[in-house]
$ cat data.cif   # mmCIF, N, CA and C atoms
data_entry
loop_
_atom_site.label_atom_id
_atom_site.label_comp_id
_atom_site.auth_asym_id
_atom_site.auth_seq_id
_atom_site.Cartn_x
_atom_site.Cartn_y
_atom_site.Cartn_z
N MET E 1174 -11.92 -14.02 -5.20
CA MET E 1174 -11.13 -12.99 -4.57
C MET E 1174 -11.94 -11.71 -4.54
N HIS E 1175 -11.92 -11.02 -3.42
CA HIS E 1175 -12.55 -9.70 -3.37
C HIS E 1175 -11.69 -8.74 -2.57
N ILE E 1176 -11.88 -7.47 -2.84
CA ILE E 1176 -11.14 -6.41 -2.17
C ILE E 1176 -12.08 -5.75 -1.18
N ARG E 1177 -11.57 -5.52 0.03
CA ARG E 1177 -12.37 -4.89 1.08
C ARG E 1177 -11.48 -4.02 1.95
N ASP E 1178 -12.11 -3.24 2.82
CA ASP E 1178 -11.37 -2.43 3.78
C ASP E 1178 -10.68 -3.33 4.80
N PHE E 1179 -9.51 -2.93 5.23
CA PHE E 1179 -8.74 -3.60 6.27
C PHE E 1179 -9.48 -3.45 7.61
N ASN E 1180 -9.44 -4.51 8.42
CA ASN E 1180 -10.01 -4.50 9.76
C ASN E 1180 -8.88 -4.80 10.74
N LEU E 1181 -8.56 -3.84 11.60
CA LEU E 1181 -7.40 -3.96 12.47
C LEU E 1181 -7.44 -5.22 13.33
N SER E 1182 -8.54 -5.48 14.00
CA SER E 1182 -8.58 -6.62 14.91
C SER E 1182 -8.57 -7.96 14.19
N GLN E 1183 -9.12 -8.01 13.00
CA GLN E 1183 -9.20 -9.28 12.27
C GLN E 1183 -8.02 -9.52 11.32
N ASP E 1184 -7.45 -8.47 10.76
CA ASP E 1184 -6.51 -8.62 9.65
C ASP E 1184 -5.06 -8.30 9.99
N TYR E 1185 -4.80 -7.67 11.11
CA TYR E 1185 -3.47 -7.15 11.39
C TYR E 1185 -2.38 -8.22 11.28
N ASP E 1186 -2.52 -9.31 12.00
CA ASP E 1186 -1.46 -10.32 12.02
C ASP E 1186 -1.19 -10.89 10.63
N ALA E 1187 -2.25 -11.17 9.87
CA ALA E 1187 -2.08 -11.74 8.53
C ALA E 1187 -1.42 -10.74 7.59
N VAL E 1188 -1.78 -9.47 7.70
CA VAL E 1188 -1.20 -8.46 6.81
C VAL E 1188 0.27 -8.23 7.15
N VAL E 1189 0.61 -8.18 8.43
CA VAL E 1189 2.02 -8.02 8.80
C VAL E 1189 2.83 -9.22 8.31
N ALA E 1190 2.29 -10.42 8.45
CA ALA E 1190 2.98 -11.61 7.94
C ALA E 1190 3.18 -11.51 6.43
N LEU E 1191 2.17 -11.02 5.72
CA LEU E 1191 2.29 -10.83 4.27
C LEU E 1191 3.41 -9.83 3.96
N TRP E 1192 3.41 -8.71 4.66
CA TRP E 1192 4.46 -7.71 4.44
C TRP E 1192 5.84 -8.29 4.71
N GLN E 1193 5.97 -9.05 5.78
CA GLN E 1193 7.27 -9.60 6.16
C GLN E 1193 7.77 -10.62 5.15
N SER E 1194 6.87 -11.25 4.42
CA SER E 1194 7.27 -12.26 3.44
C SER E 1194 7.29 -11.71 2.01
N ALA E 1195 7.01 -10.43 1.86
CA ALA E 1195 6.84 -9.85 0.52
C ALA E 1195 8.15 -9.65 -0.24
N GLY E 1196 9.26 -9.63 0.46
CA GLY E 1196 10.53 -9.37 -0.21
C GLY E 1196 11.05 -8.00 0.15
N PRO E 1197 12.01 -7.50 -0.61
CA PRO E 1197 12.72 -6.27 -0.22
C PRO E 1197 11.92 -4.99 -0.38
N GLY E 1198 10.76 -5.03 -0.98
CA GLY E 1198 10.01 -3.79 -1.23
C GLY E 1198 9.21 -3.26 -0.07
N VAL E 1199 8.94 -4.10 0.93
CA VAL E 1199 8.13 -3.67 2.06
C VAL E 1199 8.96 -3.83 3.33
N ARG E 1200 9.17 -2.74 3.99
CA ARG E 1200 9.92 -2.76 5.26
C ARG E 1200 8.94 -2.52 6.39
N VAL E 1201 8.81 -3.48 7.27
CA VAL E 1201 7.93 -3.34 8.42
C VAL E 1201 8.70 -2.62 9.51
N GLY E 1202 8.15 -1.52 9.97
CA GLY E 1202 8.83 -0.70 10.97
C GLY E 1202 7.89 -0.28 12.07
N ARG E 1203 8.34 0.66 12.86
CA ARG E 1203 7.54 1.08 14.01
C ARG E 1203 6.24 1.77 13.61
N SER E 1204 6.19 2.34 12.43
CA SER E 1204 4.92 2.95 11.98
C SER E 1204 3.87 1.90 11.61
N ASP E 1205 4.28 0.63 11.62
CA ASP E 1205 3.35 -0.46 11.32
C ASP E 1205 2.84 -1.15 12.59
N ALA E 1206 3.20 -0.63 13.75
CA ALA E 1206 2.70 -1.19 15.00
C ALA E 1206 1.19 -0.96 15.09
N PRO E 1207 0.47 -1.82 15.80
CA PRO E 1207 -1.00 -1.70 15.86
C PRO E 1207 -1.50 -0.30 16.22
N GLU E 1208 -0.86 0.35 17.19
CA GLU E 1208 -1.34 1.67 17.60
C GLU E 1208 -1.11 2.72 16.50
N GLN E 1209 -0.07 2.54 15.70
CA GLN E 1209 0.17 3.46 14.60
C GLN E 1209 -0.82 3.21 13.46
N ILE E 1210 -1.11 1.95 13.19
CA ILE E 1210 -2.11 1.62 12.17
C ILE E 1210 -3.48 2.13 12.59
N ALA E 1211 -3.79 2.05 13.89
CA ALA E 1211 -5.07 2.56 14.39
C ALA E 1211 -5.19 4.06 14.12
N LYS E 1212 -4.09 4.81 14.28
CA LYS E 1212 -4.12 6.25 13.98
C LYS E 1212 -4.36 6.48 12.49
N LYS E 1213 -3.75 5.66 11.66
CA LYS E 1213 -3.96 5.79 10.22
C LYS E 1213 -5.41 5.52 9.86
N LEU E 1214 -5.98 4.48 10.47
CA LEU E 1214 -7.37 4.12 10.19
C LEU E 1214 -8.35 5.20 10.66
N ALA E 1215 -8.00 5.92 11.71
CA ALA E 1215 -8.86 7.00 12.19
C ALA E 1215 -8.92 8.13 11.17
N ARG E 1216 -7.85 8.28 10.40
CA ARG E 1216 -7.79 9.36 9.40
C ARG E 1216 -8.51 8.99 8.11
N ASP E 1217 -8.17 7.87 7.50
CA ASP E 1217 -8.86 7.44 6.28
C ASP E 1217 -8.92 5.91 6.24
N PRO E 1218 -9.91 5.34 6.91
CA PRO E 1218 -10.03 3.88 6.96
C PRO E 1218 -10.30 3.24 5.60
N ASP E 1219 -10.84 4.00 4.68
CA ASP E 1219 -11.19 3.47 3.36
C ASP E 1219 -10.00 3.38 2.42
N LEU E 1220 -8.81 3.78 2.89
CA LEU E 1220 -7.62 3.73 2.04
C LEU E 1220 -6.62 2.65 2.47
N PHE E 1221 -7.05 1.72 3.28
CA PHE E 1221 -6.24 0.55 3.64
C PHE E 1221 -7.05 -0.65 3.17
N LEU E 1222 -6.57 -1.28 2.12
CA LEU E 1222 -7.33 -2.34 1.46
C LEU E 1222 -6.64 -3.69 1.58
N VAL E 1223 -7.45 -4.73 1.64
CA VAL E 1223 -6.94 -6.09 1.56
C VAL E 1223 -7.70 -6.83 0.47
N ALA E 1224 -7.02 -7.79 -0.13
CA ALA E 1224 -7.65 -8.70 -1.08
C ALA E 1224 -7.66 -10.07 -0.41
N GLU E 1225 -8.80 -10.72 -0.44
CA GLU E 1225 -8.88 -12.02 0.21
C GLU E 1225 -9.69 -12.99 -0.63
N ALA E 1226 -9.43 -14.25 -0.39
CA ALA E 1226 -10.20 -15.34 -0.98
C ALA E 1226 -10.30 -16.43 0.06
N GLU E 1227 -11.51 -16.91 0.28
CA GLU E 1227 -11.77 -17.99 1.23
C GLU E 1227 -11.16 -17.70 2.60
N GLY E 1228 -11.29 -16.45 3.05
CA GLY E 1228 -10.82 -16.06 4.36
C GLY E 1228 -9.34 -15.84 4.48
N GLN E 1229 -8.58 -15.95 3.40
CA GLN E 1229 -7.13 -15.77 3.44
C GLN E 1229 -6.76 -14.44 2.80
N ILE E 1230 -5.91 -13.67 3.49
CA ILE E 1230 -5.41 -12.40 2.95
C ILE E 1230 -4.35 -12.71 1.89
N LEU E 1231 -4.59 -12.25 0.68
CA LEU E 1231 -3.69 -12.50 -0.45
C LEU E 1231 -2.91 -11.27 -0.87
N GLY E 1232 -3.40 -10.10 -0.48
CA GLY E 1232 -2.74 -8.87 -0.86
C GLY E 1232 -3.22 -7.73 0.01
N ALA E 1233 -2.43 -6.66 0.05
CA ALA E 1233 -2.79 -5.48 0.83
C ALA E 1233 -2.10 -4.26 0.26
N VAL E 1234 -2.70 -3.12 0.49
CA VAL E 1234 -2.09 -1.84 0.12
C VAL E 1234 -2.65 -0.77 1.04
N ILE E 1235 -1.79 0.19 1.36
CA ILE E 1235 -2.21 1.34 2.16
C ILE E 1235 -2.09 2.58 1.30
N GLY E 1236 -3.10 3.43 1.38
CA GLY E 1236 -3.05 4.73 0.72
C GLY E 1236 -3.19 5.82 1.75
N GLY E 1237 -2.63 6.95 1.45
CA GLY E 1237 -2.79 8.12 2.30
C GLY E 1237 -3.19 9.31 1.44
N PHE E 1238 -3.93 10.23 2.04
CA PHE E 1238 -4.33 11.44 1.33
C PHE E 1238 -4.29 12.59 2.32
N ASP E 1239 -3.52 13.62 2.01
CA ASP E 1239 -3.37 14.75 2.91
C ASP E 1239 -4.28 15.91 2.55
N GLY E 1240 -5.22 15.69 1.62
CA GLY E 1240 -6.08 16.76 1.14
C GLY E 1240 -5.56 17.39 -0.13
N ARG E 1241 -4.34 17.05 -0.48
CA ARG E 1241 -3.71 17.60 -1.68
C ARG E 1241 -3.10 16.52 -2.55
N ARG E 1242 -2.29 15.63 -1.95
CA ARG E 1242 -1.61 14.58 -2.68
C ARG E 1242 -1.88 13.23 -2.03
N GLY E 1243 -1.75 12.19 -2.84
CA GLY E 1243 -1.89 10.83 -2.32
C GLY E 1243 -0.54 10.14 -2.27
N LEU E 1244 -0.46 9.14 -1.41
CA LEU E 1244 0.76 8.34 -1.30
C LEU E 1244 0.36 6.89 -1.11
N VAL E 1245 1.10 6.01 -1.77
CA VAL E 1245 0.85 4.57 -1.71
C VAL E 1245 1.95 3.93 -0.87
N TYR E 1246 1.54 3.09 0.05
CA TYR E 1246 2.48 2.39 0.93
C TYR E 1246 2.21 0.89 0.89
N HIS E 1247 3.24 0.12 1.03
CA HIS E 1247 3.14 -1.31 1.38
C HIS E 1247 2.24 -2.16 0.48
N LEU E 1248 2.32 -1.96 -0.82
CA LEU E 1248 1.61 -2.90 -1.70
C LEU E 1248 2.33 -4.24 -1.61
N ALA E 1249 1.60 -5.27 -1.29
CA ALA E 1249 2.17 -6.62 -1.21
C ALA E 1249 1.14 -7.63 -1.68
N VAL E 1250 1.61 -8.62 -2.41
CA VAL E 1250 0.78 -9.72 -2.88
C VAL E 1250 1.48 -11.02 -2.53
N ALA E 1251 0.73 -11.98 -2.04
CA ALA E 1251 1.30 -13.28 -1.69
C ALA E 1251 2.02 -13.86 -2.91
N GLN E 1252 3.16 -14.46 -2.66
CA GLN E 1252 4.02 -14.99 -3.72
C GLN E 1252 3.24 -15.84 -4.74
N ASP E 1253 2.40 -16.74 -4.27
CA ASP E 1253 1.66 -17.64 -5.16
C ASP E 1253 0.61 -16.92 -6.01
N TRP E 1254 0.27 -15.69 -5.66
CA TRP E 1254 -0.76 -14.95 -6.37
C TRP E 1254 -0.20 -13.85 -7.27
N ARG E 1255 1.10 -13.72 -7.32
CA ARG E 1255 1.69 -12.68 -8.16
C ARG E 1255 1.53 -13.03 -9.63
N GLY E 1256 1.37 -12.01 -10.45
CA GLY E 1256 1.23 -12.22 -11.89
C GLY E 1256 -0.19 -12.54 -12.32
N ARG E 1257 -1.15 -12.47 -11.40
CA ARG E 1257 -2.55 -12.78 -11.73
C ARG E 1257 -3.45 -11.54 -11.74
N GLY E 1258 -2.85 -10.36 -11.60
CA GLY E 1258 -3.64 -9.12 -11.65
C GLY E 1258 -4.11 -8.62 -10.30
N LEU E 1259 -3.74 -9.30 -9.23
CA LEU E 1259 -4.19 -8.90 -7.90
C LEU E 1259 -3.59 -7.56 -7.48
N GLY E 1260 -2.30 -7.37 -7.70
CA GLY E 1260 -1.67 -6.10 -7.38
C GLY E 1260 -2.28 -4.96 -8.18
N ALA E 1261 -2.54 -5.18 -9.45
CA ALA E 1261 -3.17 -4.16 -10.28
C ALA E 1261 -4.58 -3.85 -9.79
N ALA E 1262 -5.32 -4.87 -9.38
CA ALA E 1262 -6.68 -4.66 -8.87
C ALA E 1262 -6.65 -3.83 -7.59
N LEU E 1263 -5.71 -4.12 -6.70
CA LEU E 1263 -5.59 -3.33 -5.47
C LEU E 1263 -5.23 -1.88 -5.80
N MET E 1264 -4.28 -1.69 -6.69
CA MET E 1264 -3.89 -0.33 -7.06
C MET E 1264 -5.03 0.41 -7.74
N ASN E 1265 -5.75 -0.25 -8.64
CA ASN E 1265 -6.87 0.41 -9.32
C ASN E 1265 -7.95 0.84 -8.33
N GLU E 1266 -8.25 -0.02 -7.36
CA GLU E 1266 -9.27 0.33 -6.36
C GLU E 1266 -8.78 1.48 -5.48
N LEU E 1267 -7.53 1.43 -5.07
CA LEU E 1267 -6.99 2.52 -4.25
C LEU E 1267 -7.00 3.84 -5.02
N GLU E 1268 -6.58 3.80 -6.28
CA GLU E 1268 -6.58 5.02 -7.08
C GLU E 1268 -8.00 5.56 -7.26
N ALA E 1269 -8.98 4.68 -7.45
CA ALA E 1269 -10.38 5.12 -7.59
C ALA E 1269 -10.85 5.81 -6.31
N ARG E 1270 -10.48 5.25 -5.17
CA ARG E 1270 -10.88 5.85 -3.89
C ARG E 1270 -10.19 7.19 -3.66
N LEU E 1271 -8.93 7.28 -4.02
CA LEU E 1271 -8.23 8.56 -3.91
C LEU E 1271 -8.83 9.60 -4.84
N ARG E 1272 -9.13 9.19 -6.06
CA ARG E 1272 -9.75 10.09 -7.03
C ARG E 1272 -11.09 10.62 -6.51
N ALA E 1273 -11.87 9.75 -5.88
CA ALA E 1273 -13.17 10.15 -5.32
C ALA E 1273 -13.02 11.17 -4.20
N LYS E 1274 -11.87 11.19 -3.55
CA LYS E 1274 -11.61 12.17 -2.49
C LYS E 1274 -11.10 13.50 -3.06
N GLY E 1275 -10.87 13.56 -4.37
CA GLY E 1275 -10.37 14.77 -5.00
C GLY E 1275 -8.87 14.78 -5.22
N CYS E 1276 -8.22 13.67 -5.01
CA CYS E 1276 -6.78 13.58 -5.21
C CYS E 1276 -6.45 13.66 -6.69
N LEU E 1277 -5.52 14.54 -7.03
CA LEU E 1277 -5.12 14.73 -8.43
C LEU E 1277 -3.82 14.01 -8.78
N ARG E 1278 -2.95 13.81 -7.78
CA ARG E 1278 -1.63 13.23 -8.04
C ARG E 1278 -1.24 12.36 -6.86
N CYS E 1279 -0.62 11.23 -7.18
CA CYS E 1279 -0.17 10.29 -6.15
C CYS E 1279 1.32 10.00 -6.33
N TYR E 1280 1.92 9.59 -5.24
CA TYR E 1280 3.32 9.19 -5.24
C TYR E 1280 3.44 7.82 -4.60
N LEU E 1281 4.51 7.13 -4.95
CA LEU E 1281 4.90 5.92 -4.24
C LEU E 1281 6.41 5.84 -4.30
N LEU E 1282 6.98 5.09 -3.37
CA LEU E 1282 8.42 4.94 -3.29
C LEU E 1282 8.81 3.51 -3.64
N VAL E 1283 9.87 3.35 -4.39
CA VAL E 1283 10.42 2.03 -4.72
C VAL E 1283 11.84 2.01 -4.19
N THR E 1284 12.13 1.04 -3.35
CA THR E 1284 13.48 0.95 -2.79
C THR E 1284 14.45 0.42 -3.84
N PRO E 1285 15.72 0.79 -3.73
CA PRO E 1285 16.72 0.29 -4.69
C PRO E 1285 16.81 -1.23 -4.73
N ALA E 1286 16.47 -1.89 -3.64
CA ALA E 1286 16.51 -3.35 -3.59
C ALA E 1286 15.30 -4.00 -4.27
N ASN E 1287 14.36 -3.18 -4.73
CA ASN E 1287 13.12 -3.72 -5.28
C ASN E 1287 12.81 -3.16 -6.67
N LEU E 1288 13.83 -2.90 -7.45
CA LEU E 1288 13.63 -2.28 -8.76
C LEU E 1288 12.87 -3.17 -9.74
N ASP E 1289 12.73 -4.45 -9.44
CA ASP E 1289 11.97 -5.35 -10.32
C ASP E 1289 10.51 -4.90 -10.46
N VAL E 1290 9.99 -4.13 -9.51
CA VAL E 1290 8.58 -3.73 -9.57
C VAL E 1290 8.35 -2.49 -10.43
N VAL E 1291 9.41 -1.83 -10.87
CA VAL E 1291 9.25 -0.60 -11.64
C VAL E 1291 8.42 -0.85 -12.89
N GLY E 1292 8.68 -1.93 -13.60
CA GLY E 1292 7.90 -2.25 -14.80
C GLY E 1292 6.42 -2.45 -14.49
N PHE E 1293 6.11 -3.09 -13.37
CA PHE E 1293 4.72 -3.27 -12.94
C PHE E 1293 4.03 -1.92 -12.80
N TYR E 1294 4.67 -1.00 -12.08
CA TYR E 1294 4.06 0.31 -11.88
C TYR E 1294 3.97 1.10 -13.18
N GLN E 1295 4.96 0.98 -14.04
CA GLN E 1295 4.90 1.67 -15.32
C GLN E 1295 3.74 1.17 -16.17
N ARG E 1296 3.48 -0.13 -16.14
CA ARG E 1296 2.32 -0.68 -16.88
C ARG E 1296 1.01 -0.12 -16.35
N LEU E 1297 0.99 0.30 -15.09
CA LEU E 1297 -0.21 0.90 -14.50
C LEU E 1297 -0.27 2.41 -14.71
N GLY E 1298 0.72 2.96 -15.44
CA GLY E 1298 0.69 4.38 -15.77
C GLY E 1298 1.53 5.28 -14.88
N TRP E 1299 2.30 4.70 -13.99
CA TRP E 1299 3.15 5.49 -13.10
C TRP E 1299 4.46 5.84 -13.82
N ASP E 1300 4.97 7.04 -13.56
CA ASP E 1300 6.23 7.52 -14.14
C ASP E 1300 7.28 7.70 -13.05
N GLU E 1301 8.53 7.49 -13.41
CA GLU E 1301 9.62 7.76 -12.47
C GLU E 1301 9.85 9.26 -12.39
N MET E 1302 10.28 9.70 -11.20
CA MET E 1302 10.60 11.10 -10.97
C MET E 1302 12.02 11.21 -10.45
N PRO E 1303 12.78 12.18 -10.94
CA PRO E 1303 14.15 12.36 -10.45
C PRO E 1303 14.13 13.14 -9.13
N VAL E 1304 13.98 12.42 -8.02
CA VAL E 1304 13.92 13.07 -6.72
C VAL E 1304 14.87 12.38 -5.74
N ARG E 1305 15.19 13.07 -4.70
CA ARG E 1305 15.95 12.51 -3.59
C ARG E 1305 15.01 12.53 -2.39
N ILE E 1306 14.83 11.39 -1.76
CA ILE E 1306 13.95 11.29 -0.60
C ILE E 1306 14.79 11.50 0.66
N MET E 1307 14.26 12.32 1.53
CA MET E 1307 14.93 12.54 2.81
C MET E 1307 13.92 12.21 3.91
N ALA E 1308 14.42 11.78 5.05
CA ALA E 1308 13.56 11.43 6.16
C ALA E 1308 14.19 11.84 7.48
N LYS E 1309 13.36 12.02 8.46
CA LYS E 1309 13.82 12.36 9.80
C LYS E 1309 12.82 11.82 10.81
N ASP E 1310 13.28 11.04 11.76
CA ASP E 1310 12.43 10.61 12.87
C ASP E 1310 12.24 11.79 13.79
N ILE E 1311 11.00 12.14 14.10
CA ILE E 1311 10.75 13.28 14.97
C ILE E 1311 10.14 12.88 16.30
N ALA E 1312 9.95 11.61 16.50
CA ALA E 1312 9.43 11.12 17.79
C ALA E 1312 10.07 9.80 18.12
#
$ encode --input "data.cif" --output "structure tokens"
Amino acid sequence: MHIRDFNLSQDYDAVVALWQSAGPGVRVGRSDAPEQIAKKLARDPDLFLVAEAEGQILGAVIGGFDGRRGLVYHLAVAQDWRGRGLGAALMNELEARLRAKGCLRCYLLVTPANLDVVGFYQRLGWDEMPVRIMAKDIA
């Protein structure tokens, strides 16, 4: 298994299929359309990672950095590969890349339907924050 940068033309379909089968923690929406992912890759292509073995995508994670804070999106690991350290490896690599960009603090969101992952993130050093998330579609 190795971790590498995501390639839109080669990896998109497999990664979307992974997200769709990941369970309640990853919601595939309009921001995951190919043209939206292309915009993300134009900004920081080194923060969209996949883990693969023998040509098969086993995990993926997206990171974002606005110059001040980092954000983690869509961490997913194939069901058969969970519990083997793949998710932790993806997170560690993403955090290292964010740190190299000067990022001091990162955030991630856990949906109420996916609270089983809280312990995973806590083992990686993440803390819960008492916040209310608000959103607005602007386009």
$ closest_atom_pairs --input "data.cif" --of "range 1226-1275 of chain E" --to "range 1202-1222 of chain E" --cutoff "8 Å" --atoms "all atoms listed in the file" --output "CSV"
residue,atom,partner,partner_atom,distance
E:Gly1232,C,E:Leu1222,C,5.5
E:Ala1233,CA,E:Leu1222,C,4.3
E:Val1234,C,E:Leu1222,N,4.1
E:Ile1235,CA,E:Phe1221,CA,4.4
E:Gly1236,N,E:Leu1220,C,3.8
E:Gly1237,N,E:Leu1220,C,6.0
E:Phe1238,N,E:Asp1217,CA,7.1
E:Leu1263,CA,E:Leu1222,C,7.1
E:Glu1266,C,E:Leu1220,CA,7.9
E:Leu1267,CA,E:Leu1220,CA,6.4
E:Arg1270,CA,E:Asp1219,C,6.8
E:Leu1271,N,E:Leu1220,CA,7.1
$ write_last_selection --input "data.cif" --atoms "N, CA and C atoms" --output "compact mmCIF listing (two decimals), in the frame of the given file"
# COMPACT_ATOMS: atom_id res chain seq x y z
N GLY E 1232 -3.40 -10.10 -0.48
CA GLY E 1232 -2.74 -8.87 -0.86
C GLY E 1232 -3.22 -7.73 0.01
N ALA E 1233 -2.43 -6.66 0.05
CA ALA E 1233 -2.79 -5.48 0.83
C ALA E 1233 -2.10 -4.26 0.26
N VAL E 1234 -2.70 -3.12 0.49
CA VAL E 1234 -2.09 -1.84 0.12
C VAL E 1234 -2.65 -0.77 1.04
N ILE E 1235 -1.79 0.19 1.36
CA ILE E 1235 -2.21 1.34 2.16
C ILE E 1235 -2.09 2.58 1.30
N GLY E 1236 -3.10 3.43 1.38
CA GLY E 1236 -3.05 4.73 0.72
C GLY E 1236 -3.19 5.82 1.75
N GLY E 1237 -2.63 6.95 1.45
CA GLY E 1237 -2.79 8.12 2.30
C GLY E 1237 -3.19 9.31 1.44
N PHE E 1238 -3.93 10.23 2.04
CA PHE E 1238 -4.33 11.44 1.33
C PHE E 1238 -4.29 12.59 2.32
N LEU E 1263 -5.71 -4.12 -6.70
CA LEU E 1263 -5.59 -3.33 -5.47
C LEU E 1263 -5.23 -1.88 -5.80
N GLU E 1266 -8.25 -0.02 -7.36
CA GLU E 1266 -9.27 0.33 -6.36
C GLU E 1266 -8.78 1.48 -5.48
N LEU E 1267 -7.53 1.43 -5.07
CA LEU E 1267 -6.99 2.52 -4.25
C LEU E 1267 -7.00 3.84 -5.02
N ARG E 1270 -10.48 5.25 -5.17
CA ARG E 1270 -10.88 5.85 -3.89
C ARG E 1270 -10.19 7.19 -3.66
N LEU E 1271 -8.93 7.28 -4.02
CA LEU E 1271 -8.23 8.56 -3.91
C LEU E 1271 -8.83 9.60 -4.84
$ resolve_selection --input "data.cif" --expression "the PyMOL selection byres (((chain E and resi 1240-1256 and name CA) around 8) and name CA)" --output "ChimeraX atom specification"
/E:1191-1192,1194-1195,1198-1200,1231-1239,1257-1260,1271,1275-1282
$ atom_distance --input "data.cif" --atom1 "CA of Val1290 in chain E" --atom2 "CA of Gln1183 in chain E"
28.7 Å
$ atom_distance --input "data.cif" --atom1 "CA of Pro1303 in chain E" --atom2 "CA of Leu1288 in chain E"
14.7 Å
$ atom_distance --input "data.cif" --atom1 "atom N of Lys1309 in chain E" --atom2 "CA of Val1188 in chain E"
25.2 Å
$ axis_aligned_box --input "data.cif" --around "range 1206-1219 of chain E" --padding-each-side "5 Å" --output "JSON"
{"center_x": -4.0, "center_y": 3.8, "center_z": 10.0, "size_x": 24.4, "size_y": 21.2, "size_z": 25.2}
$ closest_residue --input "data.cif" --among "E:Asn1287, E:Asn1180, E:Gln1295, E:Asn1265" --to "Pro1197 in chain E" --atoms "all atoms listed in the file"
E:Asn1287
$ select_by_dssp --input "data.cif" --residues "chain E" --states "helix (DSSP H, G or I)" --output "JSON, numbers by chain"
{"E": [1181, 1182, 1183, 1184, 1185, 1186, 1187, 1188, 1189, 1190, 1191, 1192, 1193, 1194, 1203, 1204, 1205, 1207, 1208, 1209, 1210, 1211, 1212, 1213, 1214, 1215, 1216, 1218, 1219, 1220, 1252, 1253, 1254, 1259, 1260, 1261, 1262, 1263, 1264, 1265, 1266, 1267, 1268, 1269, 1270, 1271, 1272, 1273, 1285, 1286, 1287, 1288, 1289, 1290, 1291, 1292, 1293, 1294, 1295, 1296]}
$ closest_residue --input "data.cif" --among "E:Leu1297, E:Val1283, E:Glu1227, E:Ala1308" --to "Met1264 in chain E" --atoms "only C-alpha atoms"
E:Leu1297
$ select_by_dssp --input "data.cif" --residues "range 1176-1290 of chain E" --states "strand (DSSP E or B)" --output "PyMOL selection string"
chain E and resi 1176-1178+1221-1226+1229-1238+1243-1250+1279-1281
